[in-house]
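Pasted below: final16.txt, compact mmCIF, C-alpha atoms and all ligand atoms.
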```
# COMPACT_ATOMS: atom_id res chain seq x y z
CA MET A 289 -17.12 18.92 14.06
CA ARG A 290 -18.22 15.48 12.88
CA VAL A 291 -15.96 13.70 10.42
CA ALA A 292 -16.71 10.49 8.50
CA ILE A 293 -13.93 8.29 7.18
CA ILE A 294 -15.14 5.85 4.50
CA GLY A 295 -12.94 2.72 4.67
CA GLN A 296 -11.26 1.64 7.90
CA GLY A 297 -8.16 -0.07 6.51
CA TYR A 298 -4.51 0.98 6.62
CA VAL A 299 -5.23 4.52 5.48
CA GLY A 300 -8.70 5.11 6.90
CA LEU A 301 -8.09 3.77 10.39
CA THR A 302 -4.78 5.59 10.69
CA ILE A 303 -6.37 8.90 9.73
CA SER A 304 -9.33 8.16 12.03
CA ALA A 305 -6.98 7.73 14.99
CA PHE A 306 -5.30 11.09 14.35
CA ALA A 307 -8.52 12.97 13.50
CA ALA A 308 -10.31 11.65 16.61
CA GLU A 309 -7.91 13.67 18.74
CA HIS A 310 -9.66 16.81 17.45
CA PHE A 311 -13.02 15.78 16.00
CA GLU A 312 -15.84 13.35 16.51
CA VAL A 313 -15.06 10.59 14.00
CA VAL A 314 -17.41 8.07 12.40
CA GLY A 315 -15.38 5.23 10.89
CA PHE A 316 -17.54 3.68 8.17
CA ASP A 317 -16.60 0.38 6.55
CA SER A 318 -18.61 -2.09 4.48
CA ASN A 319 -16.95 -5.07 6.19
CA GLN A 320 -18.96 -6.06 9.27
CA LYS A 321 -16.14 -8.20 10.73
CA ILE A 322 -13.73 -5.25 10.71
CA ILE A 323 -16.36 -3.00 12.30
CA ASP A 324 -17.14 -5.57 15.03
CA ARG A 325 -13.45 -5.80 15.96
CA LEU A 326 -12.98 -2.04 15.88
CA SER A 327 -16.12 -1.49 17.95
CA SER A 328 -14.68 -3.69 20.66
CA GLY A 329 -11.51 -1.60 20.61
CA ILE A 330 -9.29 -3.99 18.65
CA SER A 331 -7.14 -2.43 15.93
CA HIS A 332 -6.18 -4.53 12.88
CA ILE A 333 -3.59 -2.05 11.63
CA GLU A 334 0.05 -1.77 12.69
CA GLY A 335 0.67 1.70 14.06
CA VAL A 336 -2.86 2.15 15.43
CA ASP A 337 -2.78 1.14 19.04
CA SER A 338 -5.79 -0.83 20.36
CA SER A 339 -5.68 0.95 23.72
CA LEU A 340 -5.82 4.34 21.97
CA LEU A 341 -8.76 3.13 19.90
CA ALA A 342 -10.57 1.83 22.99
CA ASN A 343 -10.00 5.17 24.69
CA ARG A 344 -11.37 7.12 21.70
CA ILE A 345 -14.49 4.89 21.75
CA LYS A 346 -14.92 5.36 25.51
CA THR A 347 -14.69 9.13 25.25
CA GLY A 348 -17.15 9.22 22.33
CA ARG A 349 -14.57 10.52 19.84
CA TYR A 350 -14.67 7.45 17.59
CA ARG A 351 -17.42 5.16 16.46
CA ALA A 352 -17.09 2.35 13.91
CA THR A 353 -20.13 1.45 11.83
CA THR A 354 -21.51 -0.21 8.70
CA ASN A 355 -24.60 1.97 8.92
CA GLY A 356 -24.50 4.66 6.22
CA SER A 357 -27.05 6.87 7.97
CA MET A 358 -24.46 7.54 10.70
CA ILE A 359 -22.57 9.82 8.30
CA SER A 360 -25.61 11.92 7.37
CA ASP A 361 -24.71 15.07 9.31
CA CYS A 362 -20.90 14.90 8.98
CA GLU A 363 -19.22 18.09 7.82
CA VAL A 364 -16.08 16.43 6.47
CA ILE A 365 -16.05 13.10 4.64
CA VAL A 366 -12.79 11.36 3.75
CA ILE A 367 -12.72 8.55 1.19
CA ALA A 368 -10.06 5.88 1.92
CA VAL A 369 -11.14 2.78 0.02
CA PRO A 370 -9.08 0.39 -2.14
CA THR A 371 -8.12 1.28 -5.72
CA PRO A 372 -6.78 -2.04 -7.03
CA LEU A 373 -6.43 -3.37 -10.56
CA THR A 374 -9.02 -5.47 -12.34
CA LYS A 375 -8.14 -9.04 -13.47
CA ASP A 376 -6.89 -7.61 -16.78
CA ARG A 377 -4.73 -5.10 -14.86
CA LYS A 378 -6.81 -1.97 -15.47
CA PRO A 379 -7.72 0.66 -12.81
CA ASP A 380 -10.65 -0.58 -10.73
CA LEU A 381 -12.69 2.34 -9.40
CA SER A 382 -15.61 0.18 -8.23
CA TYR A 383 -14.81 0.71 -4.52
CA ILE A 384 -14.69 4.46 -5.02
CA GLU A 385 -17.96 4.28 -6.88
CA SER A 386 -19.55 2.38 -4.02
CA ALA A 387 -18.16 4.91 -1.50
CA CYS A 388 -19.70 7.69 -3.63
CA LYS A 389 -23.02 5.85 -3.44
CA THR A 390 -22.83 5.68 0.36
CA ILE A 391 -22.07 9.41 0.49
CA GLY A 392 -24.70 10.38 -2.09
CA LEU A 393 -27.46 8.36 -0.45
CA ASN A 394 -26.72 9.40 3.12
CA VAL A 395 -25.18 12.85 3.42
CA SER A 396 -27.98 15.27 4.16
CA LYS A 397 -26.20 18.64 4.22
CA PRO A 398 -23.37 20.28 2.25
CA ALA A 399 -20.02 18.79 3.26
CA LEU A 400 -16.33 18.87 2.40
CA ILE A 401 -15.54 15.59 0.62
CA ILE A 402 -11.85 14.68 0.45
CA ASN A 403 -10.43 11.76 -1.49
CA GLU A 404 -7.32 10.10 -0.01
CA SER A 405 -7.48 6.98 -2.18
CA THR A 406 -4.83 6.81 -4.89
CA SER A 407 -6.10 7.24 -8.42
CA PHE A 408 -5.27 8.87 -11.74
CA PRO A 409 -5.57 12.60 -12.47
CA GLY A 410 -9.18 13.59 -13.08
CA THR A 411 -10.71 11.06 -10.66
CA LEU A 412 -11.98 13.70 -8.24
CA ARG A 413 -13.36 16.02 -10.91
CA ASN A 414 -14.67 13.54 -13.46
CA PHE A 415 -15.59 10.48 -11.38
CA ILE A 416 -16.13 11.23 -7.68
CA LYS A 417 -18.09 14.47 -7.98
CA PRO A 418 -20.47 13.26 -10.71
CA ASN A 419 -21.02 9.93 -8.95
CA ILE A 420 -21.89 11.53 -5.63
CA GLU A 421 -24.24 13.91 -7.43
CA LYS A 422 -25.80 10.98 -9.30
CA PHE A 423 -26.62 9.15 -6.07
CA SER A 424 -27.78 12.22 -4.10
CA SER A 425 -31.53 12.51 -3.84
CA ARG A 426 -31.40 16.30 -3.87
CA GLN A 427 -29.12 19.02 -5.19
CA MET A 428 -26.37 19.88 -2.68
CA GLU A 429 -23.34 22.14 -3.04
CA HIS A 430 -20.62 19.88 -1.61
CA GLN A 431 -17.00 21.00 -1.68
CA TYR A 432 -14.50 18.53 -3.18
CA ALA A 433 -10.78 18.12 -2.55
CA ILE A 434 -7.95 15.63 -2.89
CA SER A 435 -5.20 14.86 -0.42
CA PRO A 436 -3.40 11.70 -1.48
CA GLU A 437 -2.25 9.54 1.41
CA ARG A 438 1.47 8.87 1.86
CA VAL A 439 1.40 6.65 4.95
CA ASP A 440 4.05 3.92 5.01
CA PRO A 441 2.68 1.22 7.33
CA GLY A 442 5.16 -0.11 9.86
CA ARG A 443 7.29 3.02 9.71
CA SER A 444 7.87 4.93 12.94
CA ASP A 445 9.93 7.97 11.84
CA PHE A 446 7.26 9.39 9.50
CA ASN A 447 3.56 9.54 10.33
CA GLN A 448 0.45 11.65 9.68
CA LYS A 449 1.89 14.51 11.69
CA ASN A 450 5.32 14.96 10.16
CA THR A 451 4.84 13.68 6.58
CA PRO A 452 4.22 16.62 4.23
CA ARG A 453 0.70 16.38 2.80
CA LEU A 454 -0.30 17.56 -0.69
CA TYR A 455 -3.78 18.97 -1.15
CA ALA A 456 -5.97 20.89 -3.59
CA GLY A 457 -9.70 21.57 -3.91
CA LEU A 458 -11.93 21.88 -6.93
CA THR A 459 -12.75 25.39 -5.62
CA SER A 460 -10.77 27.83 -3.50
CA GLU A 461 -13.31 27.30 -0.71
CA ALA A 462 -12.65 23.54 -0.79
CA THR A 463 -8.88 24.18 -0.72
CA ALA A 464 -9.18 26.48 2.31
CA LYS A 465 -11.44 24.08 4.21
CA THR A 466 -9.10 21.17 3.46
CA ARG A 467 -6.15 23.12 4.83
CA GLU A 468 -8.12 23.93 7.97
CA PHE A 469 -9.06 20.27 8.48
CA TYR A 470 -5.58 18.76 8.09
CA SER A 471 -3.79 21.58 9.90
CA LYS A 472 -5.17 20.14 13.16
CA PHE A 473 -3.03 17.02 12.87
CA CYS A 474 -0.47 17.59 10.12
CA ASP A 475 2.48 19.98 10.49
CA ASN A 476 3.42 20.41 6.84
CA LEU A 477 0.71 21.09 4.27
CA VAL A 478 1.66 21.64 0.65
CA GLU A 479 -0.98 23.27 -1.53
CA VAL A 480 -0.84 22.60 -5.27
CA SER A 481 -2.71 24.40 -8.02
CA SER A 482 -5.20 21.68 -8.95
CA PRO A 483 -6.47 18.28 -7.79
CA GLU A 484 -4.96 16.78 -10.95
CA VAL A 485 -1.44 17.86 -9.89
CA ALA A 486 -1.89 16.23 -6.47
CA GLU A 487 -3.29 13.05 -8.03
CA ALA A 488 -0.45 12.87 -10.57
CA ALA A 489 2.24 13.61 -7.95
CA LYS A 490 1.09 10.64 -5.85
CA LEU A 491 1.26 8.32 -8.86
CA PHE A 492 4.65 9.68 -9.91
CA GLU A 493 6.14 9.16 -6.41
CA ASN A 494 5.32 5.46 -6.53
CA THR A 495 6.28 5.13 -10.19
CA PHE A 496 9.69 6.60 -9.27
CA ARG A 497 10.09 3.82 -6.72
CA GLN A 498 8.91 1.15 -9.12
CA VAL A 499 11.31 2.05 -11.94
CA ASN A 500 14.26 2.42 -9.58
CA ILE A 501 13.51 -0.96 -8.01
CA ALA A 502 13.27 -2.46 -11.51
CA LEU A 503 16.60 -0.87 -12.40
CA VAL A 504 18.34 -2.31 -9.34
CA ASN A 505 16.70 -5.69 -9.93
CA GLU A 506 18.05 -5.72 -13.47
CA PHE A 507 21.43 -4.60 -12.16
CA ALA A 508 21.45 -7.48 -9.64
CA GLN A 509 21.21 -9.88 -12.58
CA ILE A 510 24.02 -8.07 -14.42
CA ALA A 511 26.25 -8.07 -11.29
CA HIS A 512 25.71 -11.81 -10.82
CA ALA A 513 26.56 -12.48 -14.48
CA LEU A 514 29.75 -10.45 -14.02
CA GLY A 515 30.66 -12.28 -10.82
CA ILE A 516 30.62 -9.17 -8.61
CA SER A 517 28.59 -8.39 -5.49
CA VAL A 518 25.52 -6.25 -6.19
CA TYR A 519 25.48 -5.06 -2.57
CA GLU A 520 29.13 -4.02 -2.52
CA THR A 521 28.67 -2.24 -5.86
CA LEU A 522 25.60 -0.38 -4.61
CA ASP A 523 27.40 0.65 -1.41
CA ALA A 524 30.29 1.88 -3.53
CA ALA A 525 27.98 3.93 -5.80
CA ASN A 526 26.23 5.29 -2.73
CA THR A 527 29.41 7.01 -1.53
CA LYS A 528 28.68 9.67 -4.17
CA PRO A 529 27.19 12.50 -2.13
CA TYR A 530 24.82 13.75 -4.87
CA GLY A 531 22.86 12.48 -7.86
CA PHE A 532 22.48 8.90 -6.58
CA MET A 533 19.81 7.26 -4.46
CA LYS A 534 20.29 3.69 -3.26
CA PHE A 535 17.59 1.10 -3.92
CA THR A 536 18.13 -2.58 -3.10
CA PRO A 537 17.22 -5.69 -5.11
CA SER A 538 14.43 -8.05 -4.11
CA ALA A 539 12.23 -10.87 -5.36
CA GLY A 540 9.83 -8.24 -6.71
CA VAL A 541 7.60 -5.45 -5.44
CA GLY A 542 4.48 -5.93 -3.33
CA GLY A 543 1.83 -4.08 -1.39
CA HIS A 544 -1.06 -1.97 -2.48
CA CYS A 545 0.97 0.85 -4.00
CA ILE A 546 4.18 0.12 -5.93
CA PRO A 547 2.88 -2.72 -8.17
CA VAL A 548 -0.46 -0.94 -8.72
CA ASP A 549 -0.12 2.85 -8.89
CA PRO A 550 2.26 2.98 -11.89
CA THR A 551 -0.31 1.00 -13.87
CA TYR A 552 -2.86 3.76 -13.08
CA LEU A 553 -0.38 6.28 -14.50
CA ALA A 554 0.32 4.14 -17.56
CA ALA A 555 -3.42 3.66 -18.19
CA VAL A 556 -4.21 7.37 -18.05
CA ALA A 557 -1.14 8.15 -20.18
CA GLU A 558 -2.22 5.72 -22.90
CA ASP A 559 -5.83 6.94 -22.76
CA ASN A 560 -4.44 10.38 -23.54
CA GLY A 561 -2.13 9.23 -26.34
CA ALA A 562 1.14 9.52 -24.34
CA PRO A 563 3.68 6.68 -24.14
CA ALA A 564 4.20 4.71 -20.92
CA THR A 565 6.66 2.11 -22.25
CA PHE A 566 9.26 2.66 -19.51
CA ILE A 567 6.65 2.33 -16.75
CA ARG A 568 5.17 -0.81 -18.30
CA ARG A 569 8.63 -2.42 -18.70
CA ALA A 570 9.61 -1.61 -15.10
CA ASN A 571 6.53 -3.46 -13.91
CA GLU A 572 7.49 -6.48 -16.06
CA VAL A 573 11.10 -6.52 -14.79
CA ASN A 574 9.84 -6.59 -11.20
CA LEU A 575 7.32 -9.34 -11.95
CA GLU A 576 10.04 -11.40 -13.70
CA MET A 577 12.30 -11.30 -10.60
CA SER A 578 10.37 -14.18 -9.01
CA LYS A 579 11.29 -16.42 -11.96
CA TYR A 580 14.91 -15.25 -11.85
CA VAL A 581 15.13 -16.15 -8.15
CA VAL A 582 13.70 -19.62 -8.74
CA ASP A 583 16.03 -20.11 -11.75
CA ARG A 584 19.02 -19.28 -9.55
CA VAL A 585 17.90 -21.64 -6.79
CA GLU A 586 17.28 -24.40 -9.32
CA ALA A 587 20.68 -23.90 -10.95
CA ASP A 588 22.40 -24.06 -7.54
CA ASN A 589 20.63 -27.34 -6.77
CA GLY A 590 21.52 -29.64 -9.63
CA GLY A 591 19.14 -28.08 -12.16
CA SER A 592 15.94 -29.58 -10.70
CA LEU A 593 13.57 -28.80 -7.85
CA GLN A 594 11.39 -31.88 -8.45
CA GLY A 595 10.34 -33.40 -5.11
CA LYS A 596 12.48 -31.02 -3.02
CA SER A 597 10.89 -29.47 0.07
CA VAL A 598 11.22 -25.71 -0.15
CA LEU A 599 10.39 -23.31 2.67
CA VAL A 600 9.54 -19.75 1.63
CA VAL A 601 10.49 -17.54 4.56
CA GLY A 602 8.56 -14.26 4.95
CA VAL A 603 5.46 -13.90 2.79
CA ALA A 604 4.46 -10.36 3.83
CA TYR A 605 5.30 -7.88 1.09
CA LYS A 606 7.72 -6.05 3.36
CA PRO A 607 9.32 -6.44 6.81
CA ASN A 608 7.39 -6.03 10.04
CA VAL A 609 3.89 -5.86 8.56
CA ALA A 610 1.28 -8.61 8.08
CA ASP A 611 0.19 -7.29 4.67
CA VAL A 612 0.42 -9.89 1.87
CA ARG A 613 -1.20 -7.89 -0.92
CA GLU A 614 0.64 -8.41 -4.23
CA THR A 615 3.50 -10.10 -2.35
CA ALA A 616 6.36 -11.42 -4.49
CA ALA A 617 6.15 -14.63 -2.40
CA GLU A 618 3.01 -15.57 -4.33
CA LEU A 619 4.79 -15.73 -7.70
CA VAL A 620 7.88 -17.40 -6.22
CA ILE A 621 5.67 -20.16 -4.76
CA GLU A 622 3.86 -20.56 -8.09
CA HIS A 623 7.15 -21.01 -10.00
CA LEU A 624 8.43 -23.47 -7.37
CA ARG A 625 5.25 -25.59 -7.54
CA ASN A 626 5.31 -25.55 -11.35
CA ARG A 627 8.79 -27.09 -11.13
CA GLY A 628 7.65 -29.90 -8.86
CA ALA A 629 8.87 -28.54 -5.51
CA ILE A 630 6.90 -29.28 -2.33
CA VAL A 631 6.41 -25.80 -0.94
CA ALA A 632 5.61 -24.60 2.59
CA TRP A 633 5.94 -21.08 3.95
CA HIS A 634 6.89 -19.54 7.28
CA ASP A 635 5.72 -16.12 8.46
CA ASP A 636 4.46 -15.81 12.03
CA VAL A 637 3.78 -12.09 11.53
CA VAL A 638 1.26 -13.00 8.81
CA GLY A 639 0.05 -16.16 10.64
CA THR A 640 -2.58 -17.43 8.19
CA TRP A 641 -2.55 -16.95 4.42
CA HIS A 642 -4.82 -18.51 1.78
CA GLY A 643 -6.34 -20.59 4.58
CA GLU A 644 -2.93 -22.15 5.44
CA LYS A 645 -1.07 -21.62 8.69
CA SER A 646 2.58 -20.56 8.89
CA SER A 647 4.86 -23.66 8.94
CA ASP A 648 7.79 -24.28 11.28
CA LEU A 649 11.04 -22.59 10.46
CA SER A 650 12.94 -25.86 10.10
CA GLY A 651 13.33 -29.16 8.29
CA ALA A 652 13.36 -28.05 4.62
CA ASP A 653 15.73 -29.08 1.84
CA LEU A 654 15.96 -25.46 0.72
CA SER A 655 14.82 -22.14 2.16
CA ILE A 656 14.20 -18.97 0.15
CA VAL A 657 13.94 -15.73 2.12
CA ILE A 658 11.54 -13.22 0.56
CA THR A 659 10.98 -10.96 3.58
CA LYS A 660 13.02 -10.79 6.78
CA HIS A 661 10.99 -9.47 9.73
CA ASP A 662 13.03 -8.03 12.62
CA VAL A 663 11.52 -10.56 15.04
CA VAL A 664 12.78 -13.54 13.05
CA ASP A 665 16.18 -14.78 14.21
CA ALA A 666 18.69 -14.90 11.32
CA ARG A 667 20.41 -17.93 12.88
CA LYS A 668 17.12 -19.85 12.86
CA ILE A 669 16.65 -19.05 9.17
CA MET A 670 20.18 -20.27 8.42
CA ALA A 671 19.46 -23.50 10.35
CA SER A 672 16.11 -24.10 8.61
CA ALA A 673 17.69 -25.87 5.60
CA PRO A 674 21.13 -26.93 4.35
CA TYR A 675 20.73 -24.44 1.45
CA VAL A 676 19.35 -20.92 2.07
CA PHE A 677 18.84 -18.35 -0.70
CA ASP A 678 18.31 -14.77 0.53
CA THR A 679 16.62 -12.09 -1.60
CA THR A 680 16.75 -9.41 1.12
CA GLY A 681 20.47 -8.77 1.54
CA LYS A 682 20.13 -9.27 5.29
CA LEU A 683 21.73 -12.73 5.53
CA PRO A 684 25.32 -12.43 4.30
CA GLN A 685 26.06 -16.11 5.04
CA ALA A 686 23.31 -17.30 2.67
CA HIS A 687 23.38 -17.65 -1.11
CA GLY A 688 21.69 -14.61 -2.59
CA LEU A 689 21.11 -12.05 -5.29
N1 LIG B 1 -1.74 1.00 2.54
C1 LIG B 1 -0.91 1.95 2.20
O1 LIG B 1 0.24 1.92 2.59
C2 LIG B 1 -1.36 3.14 1.37
C3 LIG B 1 -0.52 4.25 1.32
C4 LIG B 1 -0.92 5.35 0.58
C5 LIG B 1 -2.12 5.29 -0.14
N2 LIG B 1 -2.90 4.18 -0.09
C6 LIG B 1 -4.16 4.20 -0.85
O2 LIG B 1 -5.23 4.39 0.06
C7 LIG B 1 -6.39 3.68 -0.39
C8 LIG B 1 -6.87 2.74 0.70
O3 LIG B 1 -5.85 1.77 0.90
P1 LIG B 1 -5.75 0.90 2.23
O4 LIG B 1 -4.37 0.36 2.24
O5 LIG B 1 -6.24 1.67 3.39
O6 LIG B 1 -6.79 -0.27 1.88
P2 LIG B 1 -7.34 -1.37 2.92
O7 LIG B 1 -7.73 -2.53 2.08
O8 LIG B 1 -6.40 -1.56 4.04
O9 LIG B 1 -8.64 -0.70 3.51
C9 LIG B 1 -9.73 -0.35 2.74
C10 LIG B 1 -10.99 -0.55 3.57
O10 LIG B 1 -12.07 -0.06 2.81
C11 LIG B 1 -13.19 -0.92 3.02
N3 LIG B 1 -14.10 -0.70 1.92
C12 LIG B 1 -14.05 -1.15 0.66
N4 LIG B 1 -15.06 -0.64 -0.05
C13 LIG B 1 -15.76 0.14 0.79
C14 LIG B 1 -16.91 0.93 0.64
N5 LIG B 1 -17.52 1.05 -0.53
N6 LIG B 1 -17.38 1.59 1.72
C15 LIG B 1 -16.75 1.50 2.89
N7 LIG B 1 -15.65 0.76 3.10
C16 LIG B 1 -15.16 0.10 2.04
C17 LIG B 1 -12.58 -2.29 3.11
O11 LIG B 1 -13.44 -3.18 3.81
C18 LIG B 1 -11.29 -2.01 3.88
O12 LIG B 1 -11.45 -2.16 5.27
C19 LIG B 1 -5.99 3.01 -1.68
O13 LIG B 1 -6.31 3.84 -2.75
C20 LIG B 1 -4.47 2.91 -1.57
O14 LIG B 1 -3.84 2.86 -2.81
C21 LIG B 1 -2.54 3.12 0.66
```
Just give me the structure as structure tokens.
Ligand SMILES: NC(=O)c1ccc[n+]([C@@H]2O[C@H](COP(=O)([O-])OP(=O)(O)OC[C@H]3O[C@@H](n4cnc5c(N)ncnc54)[C@H](O)[C@@H]3O)[C@@H](O)[C@H]2O)c1
Amino acid sequence: MRVAIIGQGYVGLTISAFAAEHFEVVGFDSNQKIIDRLSSGISHIEGVDSSLLANRIKTGRYRATTNGSMISDCEVIVIAVPTPLTKDRKPDLSYIESACKTIGLNVSKPALIINESTSFPGTLRNFIKPNIEKFSSRQMEHQYAISPERVDPGRSDFNQKNTPRLYAGLTSEATAKTREFYSKFCDNLVEVSSPEVAEAAKLFENTFRQVNIALVNEFAQIAHALGISVYETLDAANTKPYGFMKFTPSAGVGGHCIPVDPTYLAAVAEDNGAPATFIRRANEVNLEMSKYVVDRVEADNGGSLQGKSVLVVGVAYKPNVADVRETAAELVIEHLRNRGAIVAWHDDVVGTWHGEKSSDLSGADLSIVITKHDVVDARKIMASAPYVFDTTGKLPQAHGL
């Protein structure tokens, strides 16, 4: 069976690697640079091994391309393209629309089309299906299904095989075919009654994380005001064996999912006349954490950061990945510069960001740790400046939340 995966990023390449064990996979991406690297067997995604990729290419199980006609006779097509927010923080379905165009223009026989991109309930039924039909030159009875991706890049205990996967088709035939497809490389498939339930469940999972992170971030501020340790208090609460789940404070949330998906839920809620005040406020609390961190650092340093050299340590949005999308480091740096600080950043896992290279981990007046990668030596961070403020809870000797 030939399978096309549209989008070869974190989600699409990961799924391609697993699917290529069982099927012939065409990895389609609109970015020529990514395709050139993949075609020479170089993976750009943590968790997808370059040697495995090279082997799949050699054995003819995987081929990366920007040529839409390569997907024409595929029987299964998986959409894994970005679903970000527009500048005014509204759902941006333009990448999905463009993927629909590629599918509509190129697929020449009825196929099973599965969306793995995160979006609001109704996207498969009311956006993807009509768009593919709009771009198709002739009438074709495709089957449509959703299976929202739950991959957590950089994580080794849960992967495509052992993470339960939700799925539902627009028809019972689509549902059955989707089950058959994923059952080859996923052990635990969970069927739900409609695509809308699967789409909503994905958004709710990440909204749950966002509001709990906001809650703990607010609590960190309360604990500091009360002069008690937020970490000790959380550990104490966590001794309760039921009804409590521990989240830890941070400079804010980052990545493609947690800062973005709840806004998709809030947007669809408001479009349907339902309130989303709690979700909206959680997002604000997390965004405001960057200012709170800089306020604390400023207060600890004589009430002014003017002319001070500040090193921001760890600009990836989470440990052990190079992903900087929506990173809290961005807002922290903005606040620091607005207050006259001379800011540099260090993150050798990320390497280059906004055209700047990672600076040395030394010689600053102040260091602020946003993300602590395992490979970075805690002692080196502590020696990088006379004053170190830690937002991760991993450096007990530093000042911190
Ligand atoms: N990264 C995660 O941890 C994660 C987890 C679960 C769900 N998701 C969701 O999965 C989807 C994809 O996310 P990602 O992290 O893989 O994004 P990504 O940015 O890593 O990869 C997306 C890829 O799609 C390509 N692309 C964009 N438009 C295209 C088009 N029209 N045709 C072909 N290729 C196109 C881009 O060049 C890029 O390589 C999003 O909806 C995201 O919310 C992501």
Self-check item: Selection near region 556-563 of chain A, 7 Å with only C-alpha atoms, sequence-local residues under 3 positions removed, as a list in words
Solution: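 Answer for this query is Phe408, Tyr552 and Leu553 of chain A.
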If you take every atom of ligand LIG 1 (chain B) that the file lists and fit an axis-aligned box around them with 8 Å extra on each side, what centre and edge lengths come out in Å to one decimal, as AutoDock Vina command-line options?
```
--center_x -8.6 --center_y 1.1 --center_z 1.2 --size_x 33.8 --size_y 24.5 --size_z 24.1
```
Quiz prompt | Given 6 Å and only C-alpha atoms and all ligand atoms, residues near ligand LIG 1 (chain B) as an MDAnalysis selection string | solution = chainID A and resid 294:300 316:319 368:371 383 386:387 405:406 437:441 544:545
Quiz prompt | Selected residue, from A:Gly543, A:Gly681, A:Gly356, A:Pro379, that lies nearest to Ser396 (chain A) when counting only C-alpha atoms | solution =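 Closest candidate: A:Gly356.
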Which residues are close to Ser328 (chain A), i.e. within 9 Å by all atoms listed in the file, leaving aside same-chain residues fewer than 4 positions away? Reply as a PDB file with C-alpha atoms, keeping the file's coordinate frame.
```
ATOM      1  CA  ILE A 323     -16.360  -3.000  12.300  1.00  0.00           C
ATOM      2  CA  ASP A 324     -17.140  -5.570  15.030  1.00  0.00           C
ATOM      3  CA  ALA A 342     -10.570   1.830  22.990  1.00  0.00           C
ATOM      4  CA  ILE A 345     -14.490   4.890  21.750  1.00  0.00           C
TER       5      ILE A 345
END
```
Quiz item: What is the CA of Val637 (chain A) to CA of Gly335 (chain A) distance in Å?
Solution: 14.4 Å
Practice problem: Tell me, as a list in words, which residues lie within 12 Å of Lys417 (chain A), counting only C-alpha atoms; anything in the same chain fewer than 4 positions away does not count. | Solution: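 My reading of the contact set: Ile384, Glu385, Ala387, Cys388, Lys389, Ile391, Gly392, Leu400, Ile401, Ile402, Asn403, Gly410, Thr411, Leu412, Arg413, Glu421, Lys422, Phe423, Ser424, Met428, Glu429, His430, Gln431, Tyr432, Ala433, Ile434, Gly457 and Leu458 of chain A.
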Self-check item: Within 10 Å of Lys645 (chain A) using only C-alpha atoms, minus same-chain residues under 5 positions, as a PyMOL selection string
Solution: chain A and resi 632-636+638-640
Quiz item: Do you know which residues are at most 10 Å from Asp549 (chain A) counting only C-alpha atoms, after dropping those on the same chain fewer than 5 positions away, and could you put them as a PyMOL selection string?
Solution: chain A and resi 371-373+379+406-408+490-495+498+544+554-555
Self-check item: Separation of CA of Lys375 (chain A) from CA of Glu614 (chain A), in Å and rounded to one decimal
Solution: 12.8 Å
Practice problem: Find the distance between CA of Gly628 (chain A) and CA of Gly595 (chain A) and write it in Å to one decimal. | Solution: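 Distance between the two atoms: 5.8 Å.
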Quiz prompt | Counting only C-alpha atoms, the residue of A:Ile546, A:Leu575, A:Ala671, A:Ile630 that sits nearest Ala616 (chain A) | solution =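 Closest residue, counting only C-alpha atoms: A:Leu575.
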Quiz item: Between A:Pro483, A:Pro550, A:Pro398, A:Gly531, which has the minimum distance to Val499 (chain A) (counting only C-alpha atoms)?
Solution: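 Closest to Val499 (chain A) of all the choices is A:Pro550.
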Quiz prompt | Option closest in space to Asp662 (chain A), from A:Asn608, A:Thr680, A:Ser538, A:Ser425 [counting all atoms listed in the file] | solution = A:Asn608
Do you know which residues lie at most 9 Å from (7.8, 16.9, 8.5), with coordinates as in the file and all atoms listed in the file counted, and could you write them as a tab-separated table (two decimals) with C-alpha atoms, in the frame of the given file?
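Written output follows (selection28.tsv):
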```
chain	number	residue	atom	x	y	z
A	446	PHE	CA	7.26	9.39	9.50
A	447	ASN	CA	3.56	9.54	10.33
A	449	LYS	CA	1.89	14.51	11.69
A	450	ASN	CA	5.32	14.96	10.16
A	451	THR	CA	4.84	13.68	6.58
A	452	PRO	CA	4.22	16.62	4.23
A	474	CYS	CA	-0.47	17.59	10.12
A	475	ASP	CA	2.48	19.98	10.49
A	476	ASN	CA	3.42	20.41	6.84
```
Quiz item: Restricting the calculation to only C-alpha atoms, which member of A:Ser655, A:Thr459, A:Ser338, A:Ser471 is positioned closest to Phe677 (chain A)?
Solution: A:Ser655
Practice problem: Check the smallest atom-to-atom distance from each of A:Pro537, A:Pro436, A:Gly315, A:Gly651 to Leu599 (chain A) using only C-alpha atoms, then report the winner. | Solution: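 The shortest atom-to-atom distance to Leu599 (chain A) comes from A:Gly651.
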